[in-house]
Amino acid sequence: MNFGKSFKQCRKEINLSQKEVAKKLGICQSNISDWENDISRPEYEKLIQLAEIYNVTLYQLLGVEENTNK
């Protein structure tokens, strides 16, 4: 799956730069770039923090539909 495209879209929707997101997460800007270019993937803790920063669900952040069947 191409998670990077979804990460980038969520970031752009709230008008933050990669550098600004990296600062909020306490990491290097190159990490954000790598995630958005599908070179690497964030750890679970960082995924949760990204969803909080972008004000989206984990499903939205990952670009997948939420399964409402329970």
# chains A, B, ... in the order shown; residues from 1 in each chain; ligands from 1

$ residues_around --residues "Arg11 (chain A)" --least-positions-apart "3" --cutoff "12 Å" --atoms "only C-alpha atoms" --output "short mmCIF file (atom, residue, chain, number, x, y, z; two decimals) with all heavy atoms, in the first residue's frame"
data_model
loop_
_atom_site.label_atom_id
_atom_site.label_comp_id
_atom_site.auth_asym_id
_atom_site.auth_seq_id
_atom_site.Cartn_x
_atom_site.Cartn_y
_atom_site.Cartn_z
N GLY A 4 2.36 6.66 2.09
CA GLY A 4 3.01 7.96 2.00
C GLY A 4 2.15 9.02 1.37
O GLY A 4 2.12 10.17 1.83
N LYS A 5 1.42 8.64 0.35
CA LYS A 5 0.55 9.59 -0.35
C LYS A 5 -0.52 10.11 0.61
O LYS A 5 -0.83 11.30 0.63
CB LYS A 5 -0.09 8.91 -1.56
CG LYS A 5 -0.97 9.79 -2.38
CD LYS A 5 -1.49 9.06 -3.60
CE LYS A 5 -2.40 9.94 -4.42
NZ LYS A 5 -2.95 9.23 -5.58
N SER A 6 -1.06 9.21 1.42
CA SER A 6 -2.08 9.61 2.39
C SER A 6 -1.48 10.49 3.48
O SER A 6 -2.09 11.49 3.88
CB SER A 6 -2.71 8.36 3.00
OG SER A 6 -3.73 8.73 3.90
N PHE A 7 -0.27 10.13 3.96
CA PHE A 7 0.39 10.96 4.97
C PHE A 7 0.57 12.39 4.45
O PHE A 7 0.29 13.36 5.15
CB PHE A 7 1.78 10.41 5.33
CG PHE A 7 1.80 9.06 5.99
CD1 PHE A 7 2.96 8.33 6.00
CD2 PHE A 7 0.68 8.53 6.60
CE1 PHE A 7 3.02 7.08 6.61
CE2 PHE A 7 0.71 7.28 7.21
CZ PHE A 7 1.89 6.55 7.22
N LYS A 8 1.04 12.49 3.23
CA LYS A 8 1.30 13.81 2.63
C LYS A 8 0.01 14.61 2.46
O LYS A 8 -0.03 15.80 2.76
CB LYS A 8 2.00 13.63 1.28
CG LYS A 8 2.43 14.93 0.66
CD LYS A 8 3.23 14.69 -0.61
CE LYS A 8 3.76 15.97 -1.19
NZ LYS A 8 4.65 15.72 -2.34
N ILE A 14 -3.78 20.49 6.38
CA ILE A 14 -3.73 21.42 7.52
C ILE A 14 -2.57 22.41 7.38
O ILE A 14 -2.22 23.09 8.33
CB ILE A 14 -3.67 20.67 8.87
CG1 ILE A 14 -2.43 19.80 8.97
CG2 ILE A 14 -4.93 19.86 9.11
CD1 ILE A 14 -2.16 19.31 10.38
N ASN A 15 -2.01 22.47 6.18
CA ASN A 15 -1.00 23.47 5.85
C ASN A 15 0.22 23.47 6.77
O ASN A 15 0.67 24.52 7.23
CB ASN A 15 -1.62 24.87 5.82
CG ASN A 15 -2.67 25.00 4.76
OD1 ASN A 15 -2.49 24.55 3.64
ND2 ASN A 15 -3.81 25.58 5.11
N LEU A 16 0.75 22.27 7.02
CA LEU A 16 1.99 22.17 7.77
C LEU A 16 3.11 21.71 6.85
O LEU A 16 2.87 20.91 5.94
CB LEU A 16 1.86 21.16 8.92
CG LEU A 16 1.04 21.57 10.13
CD1 LEU A 16 0.97 20.43 11.14
CD2 LEU A 16 1.60 22.81 10.80
N SER A 17 4.30 22.18 7.10
CA SER A 17 5.45 21.71 6.34
C SER A 17 5.98 20.43 6.99
O SER A 17 5.66 20.12 8.13
CB SER A 17 6.56 22.77 6.34
OG SER A 17 7.11 22.90 7.64
N GLN A 18 6.81 19.72 6.25
CA GLN A 18 7.45 18.53 6.81
C GLN A 18 8.28 18.92 8.04
O GLN A 18 8.28 18.21 9.05
CB GLN A 18 8.35 17.86 5.78
CG GLN A 18 7.60 17.16 4.68
CD GLN A 18 8.54 16.47 3.70
OE1 GLN A 18 9.75 16.70 3.70
NE2 GLN A 18 7.97 15.64 2.83
N LYS A 19 8.94 20.04 7.96
CA LYS A 19 9.78 20.52 9.06
C LYS A 19 8.95 20.79 10.31
O LYS A 19 9.35 20.45 11.43
CB LYS A 19 10.53 21.78 8.63
CG LYS A 19 11.54 22.26 9.62
CD LYS A 19 12.35 23.43 9.08
CE LYS A 19 13.41 23.86 10.06
NZ LYS A 19 14.24 24.94 9.53
N GLU A 20 7.77 21.38 10.13
CA GLU A 20 6.90 21.68 11.27
C GLU A 20 6.40 20.39 11.94
O GLU A 20 6.36 20.29 13.16
CB GLU A 20 5.71 22.53 10.82
CG GLU A 20 6.08 23.94 10.43
CD GLU A 20 4.97 24.70 9.75
OE1 GLU A 20 4.27 24.11 8.88
OE2 GLU A 20 4.80 25.89 10.07
N VAL A 21 6.03 19.41 11.12
CA VAL A 21 5.57 18.13 11.66
C VAL A 21 6.71 17.43 12.39
O VAL A 21 6.53 16.91 13.50
CB VAL A 21 4.99 17.22 10.55
CG1 VAL A 21 4.65 15.85 11.09
CG2 VAL A 21 3.75 17.87 9.92
N ALA A 22 7.87 17.43 11.79
CA ALA A 22 9.04 16.81 12.41
C ALA A 22 9.32 17.44 13.78
O ALA A 22 9.61 16.72 14.76
CB ALA A 22 10.26 16.93 11.51
N ILE A 32 10.10 12.42 7.94
CA ILE A 32 8.79 12.73 7.35
C ILE A 32 8.85 12.51 5.84
O ILE A 32 7.96 11.91 5.25
CB ILE A 32 8.36 14.18 7.66
CG1 ILE A 32 8.36 14.46 9.18
CG2 ILE A 32 6.99 14.48 7.05
CD1 ILE A 32 7.41 13.64 9.99
N SER A 33 9.91 12.99 5.22
CA SER A 33 10.09 12.81 3.78
C SER A 33 10.12 11.32 3.41
O SER A 33 9.48 10.90 2.45
CB SER A 33 11.38 13.50 3.33
OG SER A 33 11.60 13.28 1.96
N TRP A 35 8.81 8.84 5.03
CA TRP A 35 7.48 8.25 5.19
C TRP A 35 6.58 8.61 4.01
O TRP A 35 5.87 7.76 3.49
CB TRP A 35 6.81 8.74 6.47
CG TRP A 35 7.52 8.38 7.73
CD1 TRP A 35 8.50 7.43 7.90
CD2 TRP A 35 7.33 8.96 9.01
NE1 TRP A 35 8.91 7.40 9.20
CE2 TRP A 35 8.22 8.33 9.92
CE3 TRP A 35 6.50 9.97 9.50
CZ2 TRP A 35 8.27 8.66 11.27
CZ3 TRP A 35 6.57 10.30 10.83
CH2 TRP A 35 7.44 9.65 11.71
N GLU A 36 6.62 9.88 3.61
CA GLU A 36 5.76 10.33 2.52
C GLU A 36 6.17 9.76 1.17
O GLU A 36 5.37 9.70 0.25
CB GLU A 36 5.73 11.86 2.48
CG GLU A 36 5.00 12.46 3.68
CD GLU A 36 4.88 13.97 3.61
OE1 GLU A 36 5.36 14.60 2.64
OE2 GLU A 36 4.29 14.53 4.56
N LEU A 50 0.85 11.31 14.65
CA LEU A 50 0.51 11.94 13.37
C LEU A 50 -1.00 12.13 13.25
O LEU A 50 -1.46 13.20 12.83
CB LEU A 50 1.00 11.10 12.19
CG LEU A 50 2.46 11.21 11.80
CD1 LEU A 50 2.77 10.21 10.69
CD2 LEU A 50 2.81 12.62 11.35
N ALA A 51 -1.76 11.10 13.59
CA ALA A 51 -3.22 11.21 13.52
C ALA A 51 -3.72 12.33 14.41
O ALA A 51 -4.62 13.09 14.01
CB ALA A 51 -3.86 9.88 13.89
N GLU A 52 -3.13 12.47 15.58
CA GLU A 52 -3.53 13.54 16.49
C GLU A 52 -3.17 14.91 15.92
O GLU A 52 -3.97 15.84 15.97
CB GLU A 52 -2.88 13.35 17.86
CG GLU A 52 -3.45 12.16 18.61
CD GLU A 52 -2.70 11.83 19.90
OE1 GLU A 52 -1.62 12.41 20.15
OE2 GLU A 52 -3.20 10.98 20.65
N ILE A 53 -1.96 15.05 15.39
CA ILE A 53 -1.52 16.32 14.80
C ILE A 53 -2.41 16.71 13.63
O ILE A 53 -2.83 17.85 13.49
CB ILE A 53 -0.05 16.24 14.35
CG1 ILE A 53 0.88 16.14 15.57
CG2 ILE A 53 0.33 17.43 13.47
CD1 ILE A 53 2.31 15.75 15.22
N TYR A 54 -2.73 15.73 12.77
CA TYR A 54 -3.52 15.99 11.57
C TYR A 54 -5.02 16.00 11.85
O TYR A 54 -5.82 16.30 10.97
CB TYR A 54 -3.21 14.95 10.50
CG TYR A 54 -1.78 14.94 10.02
CD1 TYR A 54 -1.25 13.82 9.39
CD2 TYR A 54 -0.93 16.03 10.17
CE1 TYR A 54 0.06 13.78 8.93
CE2 TYR A 54 0.38 16.00 9.73
CZ TYR A 54 0.87 14.88 9.12
OH TYR A 54 2.16 14.84 8.67
N ASN A 55 -5.39 15.65 13.10
CA ASN A 55 -6.80 15.60 13.50
C ASN A 55 -7.62 14.67 12.61
O ASN A 55 -8.67 15.04 12.10
CB ASN A 55 -7.41 17.01 13.54
CG ASN A 55 -8.71 17.05 14.33
OD1 ASN A 55 -8.88 16.27 15.27
ND2 ASN A 55 -9.61 17.93 13.94
N VAL A 56 -7.08 13.47 12.41
CA VAL A 56 -7.76 12.45 11.61
C VAL A 56 -7.72 11.12 12.38
O VAL A 56 -6.96 10.97 13.33
CB VAL A 56 -7.10 12.25 10.22
CG1 VAL A 56 -7.21 13.52 9.39
CG2 VAL A 56 -5.64 11.83 10.35
N GLN A 60 -8.12 7.15 8.40
CA GLN A 60 -7.94 8.25 7.45
C GLN A 60 -6.47 8.48 7.15
O GLN A 60 -6.10 8.69 6.01
CB GLN A 60 -8.58 9.53 8.00
CG GLN A 60 -10.08 9.48 8.07
CD GLN A 60 -10.67 10.63 8.87
OE1 GLN A 60 -10.15 11.00 9.93
NE2 GLN A 60 -11.75 11.20 8.37
N LEU A 61 -5.64 8.44 8.19
CA LEU A 61 -4.22 8.66 8.01
C LEU A 61 -3.62 7.61 7.07
O LEU A 61 -2.78 7.92 6.24
CB LEU A 61 -3.50 8.61 9.37
CG LEU A 61 -2.00 8.80 9.35
CD1 LEU A 61 -1.63 10.20 8.83
CD2 LEU A 61 -1.41 8.57 10.72
#

$ atom_distance --atom1 "CA of Asn37 (chain A)" --atom2 "CA of Asn2 (chain A)"
8.6 Å

$ select_by_dssp --residues "chain A" --states "helix (DSSP H, G or I)" --output "ChimeraX atom specification"
/A:3-13,18-25,29-36,44-54,58-62

$ atom_distance --atom1 "CA of Leu25 (chain A)" --atom2 "CA of Glu65 (chain A)"
25.7 Å
